[in-house]
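So this block is entry-v4.tsv, TSV, C-alpha atoms and all ligand atoms:
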chain	number	residue	atom	x	y	z
A	23	MET	CA	27.44	-13.73	-25.11
A	24	ASP	CA	26.68	-10.07	-25.72
A	25	VAL	CA	23.13	-8.73	-25.24
A	26	SER	CA	23.21	-7.53	-28.84
A	27	PHE	CA	22.33	-11.18	-29.57
A	28	ILE	CA	18.66	-10.26	-29.08
A	29	LYS	CA	18.88	-7.67	-31.86
A	30	ALA	CA	19.38	-10.46	-34.44
A	31	PRO	CA	16.60	-10.41	-37.08
A	32	GLN	CA	15.45	-13.90	-36.07
A	33	ILE	CA	14.81	-12.79	-32.48
A	34	GLN	CA	13.27	-9.46	-33.42
A	35	GLN	CA	10.87	-11.31	-35.72
A	36	LEU	CA	10.05	-13.74	-32.92
A	37	LEU	CA	9.24	-10.76	-30.64
A	38	ASP	CA	7.00	-9.17	-33.28
A	39	ARG	CA	5.08	-12.38	-33.84
A	40	ALA	CA	4.82	-13.23	-30.13
A	41	ALA	CA	3.38	-9.77	-29.32
A	42	GLY	CA	0.86	-9.98	-32.16
A	43	MET	CA	2.53	-7.10	-34.00
A	44	ASN	CA	1.64	-8.63	-37.35
A	45	GLU	CA	-2.04	-9.10	-36.44
A	46	SER	CA	-4.68	-6.42	-36.86
A	47	GLY	CA	-6.71	-7.47	-33.78
A	48	GLY	CA	-5.92	-7.07	-30.12
A	49	ASN	CA	-5.06	-4.12	-27.90
A	50	PRO	CA	-2.27	-1.97	-29.42
A	51	ARG	CA	-1.05	-0.62	-26.05
A	52	LEU	CA	-0.86	-4.11	-24.59
A	53	LYS	CA	0.98	-5.38	-27.68
A	54	ALA	CA	3.63	-2.67	-27.35
A	55	ILE	CA	4.06	-3.32	-23.62
A	56	MET	CA	4.19	-7.12	-24.07
A	57	ARG	CA	6.81	-6.79	-26.78
A	58	ASP	CA	9.04	-4.66	-24.54
A	59	LEU	CA	8.43	-6.89	-21.52
A	60	THR	CA	9.37	-10.03	-23.46
A	61	GLU	CA	12.44	-8.33	-24.89
A	62	SER	CA	13.48	-7.22	-21.37
A	63	VAL	CA	13.22	-10.84	-20.14
A	64	MET	CA	15.37	-12.00	-23.05
A	65	GLU	CA	17.90	-9.27	-22.31
A	66	LEU	CA	18.02	-10.38	-18.68
A	67	ILE	CA	18.58	-14.01	-19.70
A	68	VAL	CA	21.53	-13.09	-21.90
A	69	LYS	CA	22.99	-10.45	-19.55
A	70	HIS	CA	23.07	-12.87	-16.58
A	71	ASP	CA	23.50	-16.02	-18.70
A	72	ILE	CA	20.43	-17.52	-16.99
A	73	SER	CA	20.27	-21.28	-17.50
A	74	GLU	CA	17.15	-23.20	-18.44
A	75	SER	CA	17.00	-24.65	-14.92
A	76	GLU	CA	17.29	-21.23	-13.30
A	77	PHE	CA	14.62	-19.82	-15.60
A	78	TRP	CA	12.11	-22.54	-14.71
A	79	LEU	CA	12.95	-22.14	-11.03
A	80	ALA	CA	11.90	-18.49	-11.36
A	81	VAL	CA	8.66	-19.50	-13.12
A	82	LYS	CA	7.92	-21.95	-10.31
A	83	TYR	CA	8.65	-19.29	-7.69
A	84	LEU	CA	6.19	-16.90	-9.34
A	85	ALA	CA	3.54	-19.60	-9.78
A	86	ASP	CA	3.82	-20.78	-6.16
A	87	GLY	CA	4.09	-17.23	-4.82
A	88	ALA	CA	1.16	-15.78	-6.78
A	89	GLY	CA	-0.91	-15.42	-3.61
A	90	GLU	CA	1.75	-13.07	-2.21
A	91	PHE	CA	2.23	-10.80	-5.23
A	92	GLY	CA	0.60	-8.00	-3.20
A	93	LEU	CA	3.46	-8.36	-0.67
A	94	ILE	CA	6.25	-9.00	-3.15
A	95	VAL	CA	5.49	-5.78	-5.06
A	96	PRO	CA	6.14	-3.51	-2.04
A	97	GLY	CA	9.04	-5.69	-0.87
A	98	THR	CA	10.83	-5.28	-4.18
A	99	GLY	CA	10.40	-1.50	-4.02
A	100	ILE	CA	8.10	-1.34	-7.02
A	101	GLU	CA	5.07	-0.02	-5.12
A	102	HIS	CA	7.26	2.79	-3.72
A	103	PHE	CA	8.61	3.38	-7.22
A	104	LEU	CA	5.03	3.95	-8.42
A	105	ASP	CA	4.73	6.69	-5.77
A	106	LEU	CA	8.02	8.27	-6.85
A	107	TYR	CA	6.86	8.16	-10.47
A	108	MET	CA	3.47	9.74	-9.64
A	109	ASP	CA	5.27	12.42	-7.56
A	110	ALA	CA	7.62	13.19	-10.46
A	111	LYS	CA	4.73	13.46	-12.92
A	112	ASP	CA	2.87	15.74	-10.47
A	113	ALA	CA	5.96	17.93	-10.18
A	114	GLU	CA	6.15	18.17	-13.98
A	115	ASP	CA	2.50	19.30	-13.98
A	116	GLY	CA	3.22	21.89	-11.27
A	117	LEU	CA	1.30	19.90	-8.64
A	118	SER	CA	3.03	19.71	-5.31
A	119	GLY	CA	2.44	20.16	-1.62
A	120	GLY	CA	0.21	18.47	0.87
A	121	THR	CA	0.73	15.28	2.80
A	122	PRO	CA	2.99	12.91	0.86
A	123	ARG	CA	1.37	9.88	-0.68
A	124	THR	CA	2.75	6.49	0.21
A	125	ILE	CA	2.00	2.87	-0.57
A	126	GLU	CA	-1.44	1.39	0.03
A	127	GLY	CA	-0.08	-2.09	0.72
A	128	PRO	CA	-2.14	-5.22	0.11
A	129	LEU	CA	-4.30	-5.27	3.23
A	130	TYR	CA	-7.17	-2.78	2.74
A	131	VAL	CA	-10.70	-4.17	2.95
A	132	ALA	CA	-13.63	-2.23	1.48
A	133	GLY	CA	-16.91	-1.93	3.38
A	134	ALA	CA	-15.64	-1.01	6.88
A	135	PRO	CA	-18.24	0.53	9.22
A	136	LEU	CA	-18.96	4.21	8.51
A	137	VAL	CA	-18.80	6.04	11.85
A	138	GLU	CA	-18.75	9.60	13.24
A	139	GLY	CA	-17.26	11.38	16.23
A	140	ASN	CA	-14.35	10.26	18.41
A	141	VAL	CA	-14.38	6.64	17.34
A	142	ASN	CA	-13.04	3.35	18.59
A	143	LEU	CA	-11.50	1.29	15.76
A	144	SER	CA	-11.06	-1.87	17.79
A	145	THR	CA	-13.89	-4.37	18.08
A	146	ASP	CA	-11.76	-7.10	19.66
A	147	PRO	CA	-9.82	-7.12	22.93
A	148	ASP	CA	-6.06	-7.21	22.44
A	149	GLU	CA	-3.64	-8.59	25.00
A	150	GLY	CA	-1.04	-6.00	23.89
A	151	GLY	CA	-2.67	-3.64	26.39
A	152	GLN	CA	-1.39	-0.43	24.76
A	153	MET	CA	-3.79	2.18	23.41
A	154	LEU	CA	-3.31	4.52	20.47
A	155	HIS	CA	-5.04	7.91	20.37
A	156	MET	CA	-4.79	9.86	17.17
A	157	ASN	CA	-6.36	13.16	16.15
A	158	GLY	CA	-5.93	16.14	13.88
A	159	THR	CA	-7.49	18.06	11.03
A	160	VAL	CA	-7.89	17.39	7.32
A	161	LYS	CA	-6.99	20.61	5.53
A	162	GLY	CA	-6.88	21.84	1.97
A	163	PRO	CA	-4.06	23.57	0.07
A	164	ASP	CA	-4.83	26.98	1.65
A	165	GLY	CA	-5.10	25.56	5.15
A	166	GLU	CA	-8.90	25.52	4.98
A	167	PRO	CA	-10.64	22.70	6.87
A	168	VAL	CA	-11.97	20.11	4.44
A	169	GLY	CA	-15.65	19.43	5.03
A	170	ASN	CA	-17.40	16.12	4.44
A	171	ALA	CA	-14.23	14.09	4.20
A	172	ILE	CA	-14.22	10.35	4.74
A	173	VAL	CA	-11.11	9.00	6.45
A	174	HIS	CA	-10.58	5.29	5.81
A	175	VAL	CA	-8.25	3.98	8.49
A	176	TRP	CA	-6.83	0.49	8.96
A	177	HIS	CA	-4.01	-1.05	10.98
A	178	ALA	CA	-2.69	-4.28	12.45
A	179	ASN	CA	-3.26	-5.61	15.97
A	180	SER	CA	-0.57	-6.01	18.63
A	181	LYS	CA	0.64	-9.20	16.95
A	182	GLY	CA	1.11	-7.39	13.65
A	183	TRP	CA	-1.86	-9.15	12.00
A	184	TYR	CA	-4.63	-7.44	10.05
A	185	SER	CA	-8.27	-8.50	10.39
A	186	HIS	CA	-9.52	-10.40	7.31
A	187	PHE	CA	-5.92	-11.56	6.62
A	188	ASP	CA	-5.17	-13.01	10.06
A	189	PRO	CA	-3.96	-16.62	9.71
A	190	THR	CA	-4.98	-17.34	13.32
A	191	GLY	CA	-8.60	-16.55	12.36
A	192	GLU	CA	-8.94	-14.73	15.70
A	193	GLN	CA	-10.12	-11.31	14.59
A	194	THR	CA	-13.67	-10.07	14.07
A	195	PRO	CA	-14.37	-8.68	10.59
A	196	PHE	CA	-13.25	-5.02	10.38
A	197	ASN	CA	-11.37	-5.06	13.68
A	198	ASN	CA	-9.09	-1.99	13.51
A	199	ARG	CA	-10.80	-0.80	10.32
A	200	ARG	CA	-13.26	2.08	10.04
A	201	ARG	CA	-14.42	4.80	7.70
A	202	ILE	CA	-14.75	8.01	9.69
A	203	LYS	CA	-17.15	10.63	8.35
A	204	LEU	CA	-15.90	14.11	9.28
A	205	GLY	CA	-17.95	17.26	9.86
A	206	PRO	CA	-17.42	20.72	8.37
A	207	ASP	CA	-14.46	21.44	10.70
A	208	GLY	CA	-12.39	18.63	9.12
A	209	ARG	CA	-11.42	17.30	12.53
A	210	TYR	CA	-10.93	13.59	13.17
A	211	ALA	CA	-10.19	11.60	16.32
A	212	PHE	CA	-9.95	7.91	17.00
A	213	HIS	CA	-8.54	5.46	19.50
A	214	SER	CA	-7.69	1.80	19.13
A	215	ASN	CA	-5.52	-1.01	20.38
A	216	GLN	CA	-2.05	0.04	19.36
A	217	PRO	CA	-0.63	-1.79	16.32
A	218	SER	CA	2.74	-3.53	16.40
A	219	GLY	CA	5.13	-3.69	13.50
A	220	TYR	CA	4.21	-6.07	10.70
A	221	SER	CA	6.28	-8.91	9.32
A	222	VAL	CA	5.61	-10.98	6.23
A	223	PRO	CA	4.23	-14.51	6.75
A	224	PRO	CA	7.12	-16.77	7.85
A	225	GLN	CA	8.28	-19.22	5.13
A	226	GLY	CA	6.06	-17.55	2.53
A	227	ALA	CA	7.20	-16.47	-0.92
A	228	THR	CA	8.05	-12.91	0.21
A	229	ASP	CA	9.99	-14.18	3.22
A	230	MET	CA	11.95	-16.60	1.00
A	231	LEU	CA	12.85	-13.81	-1.40
A	232	MET	CA	13.89	-11.46	1.41
A	233	GLN	CA	16.12	-14.14	2.94
A	234	ALA	CA	17.71	-14.90	-0.43
A	235	LEU	CA	18.46	-11.17	-0.77
A	236	GLY	CA	19.92	-11.01	2.75
A	237	ARG	CA	17.04	-8.75	3.80
A	238	HIS	CA	14.18	-8.94	6.33
A	239	GLY	CA	10.42	-8.62	5.90
A	240	ASN	CA	9.58	-6.20	8.73
A	241	ARG	CA	7.67	-2.95	8.74
A	242	PRO	CA	7.50	-0.44	11.61
A	243	ALA	CA	4.15	-0.06	13.40
A	244	HIS	CA	1.97	2.02	11.11
A	245	VAL	CA	-1.56	3.23	10.39
A	246	HIS	CA	-2.99	3.40	6.87
A	247	PHE	CA	-5.28	6.07	5.45
A	248	PHE	CA	-7.32	6.85	2.41
A	249	ILE	CA	-8.81	10.32	2.64
A	250	GLU	CA	-11.54	11.29	0.21
A	251	ALA	CA	-13.54	14.52	0.05
A	252	PRO	CA	-15.58	16.25	-2.65
A	253	GLY	CA	-13.36	18.61	-4.65
A	254	TYR	CA	-10.09	17.11	-3.39
A	255	ARG	CA	-7.71	14.47	-4.63
A	256	THR	CA	-8.03	11.18	-2.78
A	257	LEU	CA	-4.91	10.73	-0.67
A	258	THR	CA	-3.38	7.30	-0.05
A	259	THR	CA	-0.94	7.49	2.82
A	260	GLN	CA	0.12	6.07	6.18
A	261	ILE	CA	1.93	7.22	9.28
A	262	ASN	CA	4.75	5.06	10.63
A	263	PHE	CA	5.78	5.31	14.27
A	264	GLY	CA	8.96	7.36	14.40
A	265	ASP	CA	10.18	5.52	17.53
A	266	ASP	CA	9.83	1.99	16.06
A	267	PRO	CA	13.10	0.03	15.61
A	268	PHE	CA	12.22	-0.42	11.92
A	269	ALA	CA	11.31	3.25	11.33
A	270	ALA	CA	14.40	3.71	9.17
A	271	ASP	CA	14.46	0.18	7.76
A	272	ASP	CA	11.01	-0.60	6.36
A	273	PHE	CA	11.13	-3.61	4.03
A	274	ALA	CA	8.21	-2.17	2.01
A	275	PHE	CA	9.70	1.36	1.64
A	276	GLY	CA	6.43	2.89	2.89
A	277	THR	CA	8.07	5.26	5.40
A	278	ARG	CA	8.57	8.77	4.07
A	279	GLU	CA	9.75	12.08	5.42
A	280	GLY	CA	6.76	13.88	6.91
A	281	LEU	CA	5.01	10.58	7.72
A	282	LEU	CA	7.06	9.49	10.74
A	283	PRO	CA	5.48	11.10	13.82
A	284	VAL	CA	6.95	10.06	17.17
A	285	PRO	CA	4.06	9.12	19.47
A	286	ILE	CA	3.90	10.80	22.86
A	287	ARG	CA	3.89	7.89	25.31
A	288	GLN	CA	2.34	8.06	28.76
A	289	GLY	CA	1.79	4.80	30.61
A	290	ASP	CA	-0.14	2.46	28.35
A	291	THR	CA	-1.12	5.19	25.90
A	292	ALA	CA	0.55	6.49	22.76
A	293	SER	CA	-0.81	9.76	21.34
A	294	ILE	CA	-0.26	11.12	17.87
A	295	GLN	CA	-1.47	14.48	16.65
A	296	PHE	CA	-1.29	14.60	12.86
A	297	ASP	CA	-2.85	16.99	10.34
A	298	PHE	CA	-3.42	15.90	6.75
A	299	GLN	CA	-3.33	18.29	3.82
A	300	LEU	CA	-5.10	17.34	0.61
A	301	GLN	CA	-4.51	18.67	-2.89
A	302	ARG	CA	-7.40	20.05	-4.89
A	303	ALA	CA	-8.86	17.70	-7.52
A	304	HIS	CA	-8.58	18.90	-11.10
A	305	ASN	CA	-11.04	16.39	-12.48
A	306	ALA	CA	-13.61	13.94	-11.19
A	307	GLY	CA	-11.18	11.02	-11.65
A	308	GLU	CA	-8.83	12.47	-9.03
A	309	GLU	CA	-11.62	12.43	-6.43
A	310	GLY	CA	-11.90	8.67	-6.74
A	311	PHE	CA	-9.73	5.66	-6.02
A	312	SER	CA	-7.38	3.88	-8.37
A	313	SER	CA	-9.06	0.84	-9.89
A	314	ARG	CA	-6.71	-1.57	-8.10
A	315	ALA	CA	-8.58	-4.77	-7.12
A	316	ARG	CA	-9.17	-4.74	-3.36
A	317	ALA	CA	-10.56	-7.19	-0.84
A	318	GLU	CA	-14.19	-6.74	0.12
A	319	ALA	CA	-16.21	-8.05	3.02
A	320	ALA	CA	-19.91	-7.94	3.80
A	321	PRO	CA	-20.90	-4.88	5.86
A	322	LEU	CA	-21.66	-5.60	9.50
A	323	PRO	CA	-25.22	-5.22	10.84
A	324	GLU	CA	-25.83	-1.63	12.11
A	325	ALA	CA	-25.71	-2.54	15.80
A	326	GLU	CA	-22.16	-3.88	15.56
A	327	THR	CA	-20.63	-0.81	13.99
A	328	VAL	CA	-20.29	1.40	17.08
A	401	LIG	C1	2.94	-5.13	3.27
A	401	LIG	C2	2.25	-5.14	4.48
A	401	LIG	C3	1.74	-3.99	4.98
A	401	LIG	O1	1.07	-3.91	6.15
A	401	LIG	C4	1.89	-2.82	4.29
A	401	LIG	O2	1.38	-1.73	4.82
A	401	LIG	C5	2.59	-2.81	3.09
A	401	LIG	C6	3.11	-3.98	2.59
A	401	LIG	C7	3.49	-6.38	2.71
A	401	LIG	O3	3.28	-7.42	3.32
A	401	LIG	O4	4.11	-6.34	1.65
A	402	FE	FE	0.21	-2.14	6.54

Step by step, read the file and then write its structure as structure tokens.
Amino acid sequence: MDVSFIKAPQIQQLLDRAAGMNESGGNPRLKAIMRDLTESVMELIVKHDISESEFWLAVKYLADGAGEFGLIVPGTGIEHFLDLYMDAKDAEDGLSGGTPRTIEGPLYVAGAPLVEGNVNLSTDPDEGGQMLHMNGTVKGPDGEPVGNAIVHVWHANSKGWYSHFDPTGEQTPFNNRRRIKLGPDGRYAFHSNQPSGYSVPPQGATDMLMQALGRHGNRPAHVHFFIEAPGYRTLTTQINFGDDPFAADDFAFGTREGLLPVPIRQGDTASIQFDFQLQRAHNAGEEGFSSRARAEAAPLPEAETV
């Protein structure tokens, strides 16, 4: 059957009614998007001649996998697509330069300890035994140091697990997560137990999808950042270790040119020097975060934040 089947008046009327097009109430933007979404699903059904059984299998997959949507979105390339789309819109508006943005991923937790100086991110011991030292400067578009920035940093442990999301339950809240308050010189420095590459939970919905696509669910070792500062656009980015076996084959498409430093390794220590460059904010909205729903945890008592 040809996809023009969905252009039949009977189906177009069904789409109008289903999206509330004939009703005065509701949200007009949502109606328009729902109508196009439903039509796209119908088009897909006809194009691939999807059977009733296959369709309900997909519904079951989505229902069972709902807890992993945050992982499926990067795995399917859509989170990276959002970055490419935002980059393209920036370019159209004449906004370019600075450290590239890249995916946030699903594993940020709000409320990490706010600390200053050369900080240790790791509360827990880690049998991996390797240390990471990272430092550099947060600069603005003209190379000026950015004062009063807050660097949110988070990464996995040597098993590839993130605190708060660790199925072994072994990690202290906010292990390998901090917010670092910078001084007027824009310099930051931290050390931590070195992260290993991440892989999606075995046998989970994302893993099943990757296997069915003949892919894997691995990411290179990486460190995530949000950088916020008054007058500048909040940057969402991450560095991925340039010497990791998955550096060029990241299942979540989070690796980007300019974000793949190769650590200098000496004994048990890996060192990365990396400067960030922010863009200037053009309105108050750009200084803030997207309104994506994020995990939150109770702040730790003061004494535990050092
Ligand atoms: C995923 C995990 C990450 O650590 C990350 O940074 C991005 C995506 C994921 O499981 O999809
Ligand atoms: Fe990550």

Please report the interatomic distance between atom CA of A:Gln35 and atom CA of A:Asp58 in Å with one decimal.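 About the pair atom CA of A:Gln35 and atom CA of A:Asp58: they are 13.1 Å apart.
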
Cut-off 9 Å: closest stretch 177-272 of chain A/stretch 146-167 of chain A atom pairs per residue, using all atoms listed in the file, as CSV:
residue,atom,partner,partner_atom,distance
A:Asn179,CA,A:Asp148,CA,7.2
A:Ser180,CA,A:Gly150,CA,5.3
A:Lys181,CA,A:Gly150,CA,7.8
A:Gln193,CA,A:Asp146,CA,6.8
A:Thr194,CA,A:Asp146,CA,6.6
A:Asn197,CA,A:Asp146,CA,6.3
A:Asn198,CA,A:Asp146,CA,8.4
A:Leu204,CA,A:Val160,CA,8.9
A:Pro206,CA,A:Pro167,CA,7.2
A:Asp207,CA,A:Pro167,CA,5.6
A:Gly208,CA,A:Pro167,CA,5.0
A:Arg209,CA,A:Thr159,CA,4.3
A:Tyr210,CA,A:Asn157,CA,5.5
A:Ala211,CA,A:Asn157,CA,4.1
A:Phe212,CA,A:Met156,CA,5.5
A:His213,CA,A:His155,CA,4.4
A:Ser214,CA,A:Leu154,CA,5.3
A:Asn215,CA,A:Met153,CA,4.7
A:Gln216,CA,A:Leu154,CA,4.8
A:Pro217,CA,A:Leu154,CA,8.0
A:Ser218,CA,A:Gly150,CA,8.7
A:Ile249,CA,A:Val160,CA,8.5
A:Tyr254,CA,A:Gly162,CA,7.8

Please tabulate, as CSV, the residues of chain A that come within 6 Å of ligand LIG 401 (chain A), each with its closest pair of atoms and the distance in Å to one decimal, counting all atoms listed in the file and ordering rows by chain, then residue number upward.
residue,atom,partner,partner_atom,distance
A:Leu93,CA,A:LIG401,O4,3.1
A:Ile94,CA,A:LIG401,O4,5.9
A:Pro96,CA,A:LIG401,O4,5.1
A:Gly97,CA,A:LIG401,O4,5.6
A:Gly127,CA,A:LIG401,C5,3.6
A:Pro128,CA,A:LIG401,C6,5.9
A:Tyr220,CA,A:LIG401,O1,5.9
A:Val222,CA,A:LIG401,O3,5.2
A:Ala274,CA,A:LIG401,C6,5.4

Expected answer as number ranges by chain: residues within 12 Å of ligand FE 402 (chain A), all atoms listed in the file: A: 92-93, 96, 124-131, 175-179, 182-185, 187, 198-199, 217-222, 240-247, 259-262, 272-277

Nearest to A:Ala30 by atom-to-atom distance, counting only C-alpha atoms, from A:Arg314, A:Glu61, A:Glu250, A:Leu231: A:Glu61

So which one's closest to A:Gly226, A:Val25, A:Ile172, A:Leu300, A:Ala88? Using all atoms listed in the file, please. A:Ala88

Calculate how many Å separate atom CA of A:Pro285 from atom CA of A:Asp265, rounding to one decimal.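 Answer for the atom CA of A:Pro285 to atom CA of A:Asp265 separation: 7.4 Å.
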
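If you measure from each of A:Leu282, A:Ala110, A:Ala251, A:Ala134 to A:Ala319 using only C-alpha atoms, the closest one turns out to be A:Ala134.
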
Between atom CA of A:Pro252 and atom CA of A:Asn305, distance in Å (one decimal): 10.8 Å

Residue with the minimum atom-to-atom distance to A:Ser118, picked from A:Ser293, A:Asp266, A:Lys82, A:Arg255 with all atoms listed in the file counted, is A:Arg255

Polymer residues at most 10 Å from stretch 69-80 of chain A, all atoms listed in the file, same-chain spacing of 5 or more positions, as an MDAnalysis selection string: chainID A and resid 23:26 63:64 85:86

Those residues you just picked out, can you put them in a file as a PDB file, keeping the file's coordinate frame with C-alpha atoms?
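Final output, saved to selection-v8.pdb:
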ATOM      1  CA  MET A  23      27.440 -13.730 -25.110  1.00  0.00           C
ATOM      2  CA  ASP A  24      26.680 -10.070 -25.720  1.00  0.00           C
ATOM      3  CA  VAL A  25      23.130  -8.730 -25.240  1.00  0.00           C
ATOM      4  CA  SER A  26      23.210  -7.530 -28.840  1.00  0.00           C
ATOM      5  CA  VAL A  63      13.220 -10.840 -20.140  1.00  0.00           C
ATOM      6  CA  MET A  64      15.370 -12.000 -23.050  1.00  0.00           C
ATOM      7  CA  ALA A  85       3.540 -19.600  -9.780  1.00  0.00           C
ATOM      8  CA  ASP A  86       3.820 -20.780  -6.160  1.00  0.00           C
TER       9      ASP A  86
END

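Residues in contact range of A:His174, defined as at most 6 Å between only C-alpha atoms, with sequence neighbours fewer than 2 positions away removed, read Arg200, Arg201, Phe247 and Phe248 of chain A.
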
Provide an axis-aligned box for all listed atoms of stretch 26-40 of chain A, padding each side by 5 Å; report its centre and its edge lengths in Å to one decimal, as lines of an AutoDock Vina configuration file.
center_x = 14.0
center_y = -10.7
center_z = -33.0
size_x = 28.4
size_y = 16.4
size_z = 18.2

Counting all atoms listed in the file, which residue out of A:Gln233, A:Gln295, A:Gln225, A:Thr121 sits closest to A:Glu90?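 Of A:Gln233, A:Gln295, A:Gln225, A:Thr121, the one nearest A:Glu90 is A:Gln225, counting all atoms listed in the file.
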
May I ask which of the residues A:Ala303, A:Gly42, A:Ser313, A:His102 is the closest one to A:Arg123, counting all atoms listed in the file?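 When distances to A:Arg123 are compared using all atoms listed in the file, the smallest one comes from A:His102.
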
Could you complete stretch 219-232 of chain A so that it carries N, CA and C atoms, and give it back as a PDB file, keeping the file's coordinate frame?
ATOM      1  N   GLY A 219       4.530  -3.578  14.830  1.00  0.00           N
ATOM      2  CA  GLY A 219       5.130  -3.690  13.500  1.00  0.00           C
ATOM      3  C   GLY A 219       4.654  -4.969  12.823  1.00  0.00           C
ATOM      4  N   TYR A 220       4.694  -4.956  11.514  1.00  0.00           N
ATOM      5  CA  TYR A 220       4.210  -6.070  10.700  1.00  0.00           C
ATOM      6  C   TYR A 220       5.402  -6.844  10.182  1.00  0.00           C
ATOM      7  N   SER A 221       5.277  -8.165  10.098  1.00  0.00           N
ATOM      8  CA  SER A 221       6.280  -8.910   9.320  1.00  0.00           C
ATOM      9  C   SER A 221       5.579  -9.870   8.391  1.00  0.00           C
ATOM     10  N   VAL A 222       6.213 -10.138   7.264  1.00  0.00           N
ATOM     11  CA  VAL A 222       5.610 -10.980   6.230  1.00  0.00           C
ATOM     12  C   VAL A 222       5.430 -12.409   6.776  1.00  0.00           C
ATOM     13  N   PRO A 223       4.463 -13.158   6.229  1.00  0.00           N
ATOM     14  CA  PRO A 223       4.230 -14.510   6.750  1.00  0.00           C
ATOM     15  C   PRO A 223       5.502 -15.360   6.667  1.00  0.00           C
ATOM     16  N   PRO A 224       5.895 -15.964   7.823  1.00  0.00           N
ATOM     17  CA  PRO A 224       7.120 -16.770   7.850  1.00  0.00           C
ATOM     18  C   PRO A 224       7.052 -17.900   6.823  1.00  0.00           C
ATOM     19  N   GLN A 225       8.130 -18.123   6.130  1.00  0.00           N
ATOM     20  CA  GLN A 225       8.280 -19.220   5.130  1.00  0.00           C
ATOM     21  C   GLN A 225       7.463 -18.982   3.861  1.00  0.00           C
ATOM     22  N   GLY A 226       6.801 -17.851   3.756  1.00  0.00           N
ATOM     23  CA  GLY A 226       6.060 -17.550   2.530  1.00  0.00           C
ATOM     24  C   GLY A 226       6.994 -17.095   1.419  1.00  0.00           C
ATOM     25  N   ALA A 227       6.399 -16.823   0.261  1.00  0.00           N
ATOM     26  CA  ALA A 227       7.200 -16.470  -0.920  1.00  0.00           C
ATOM     27  C   ALA A 227       7.986 -15.174  -0.686  1.00  0.00           C
ATOM     28  N   THR A 228       7.357 -14.187  -0.019  1.00  0.00           N
ATOM     29  CA  THR A 228       8.050 -12.910   0.210  1.00  0.00           C
ATOM     30  C   THR A 228       9.209 -13.122   1.170  1.00  0.00           C
ATOM     31  N   ASP A 229       8.950 -13.888   2.225  1.00  0.00           N
ATOM     32  CA  ASP A 229       9.990 -14.180   3.220  1.00  0.00           C
ATOM     33  C   ASP A 229      11.177 -14.886   2.549  1.00  0.00           C
ATOM     34  N   MET A 230      10.872 -15.872   1.691  1.00  0.00           N
ATOM     35  CA  MET A 230      11.950 -16.600   1.000  1.00  0.00           C
ATOM     36  C   MET A 230      12.799 -15.667   0.155  1.00  0.00           C
ATOM     37  N   LEU A 231      12.119 -14.758  -0.551  1.00  0.00           N
ATOM     38  CA  LEU A 231      12.850 -13.810  -1.400  1.00  0.00           C
ATOM     39  C   LEU A 231      13.715 -12.889  -0.545  1.00  0.00           C
ATOM     40  N   MET A 232      13.126 -12.375   0.554  1.00  0.00           N
ATOM     41  CA  MET A 232      13.890 -11.460   1.410  1.00  0.00           C
ATOM     42  C   MET A 232      15.132 -12.159   1.967  1.00  0.00           C
TER      43      MET A 232
END
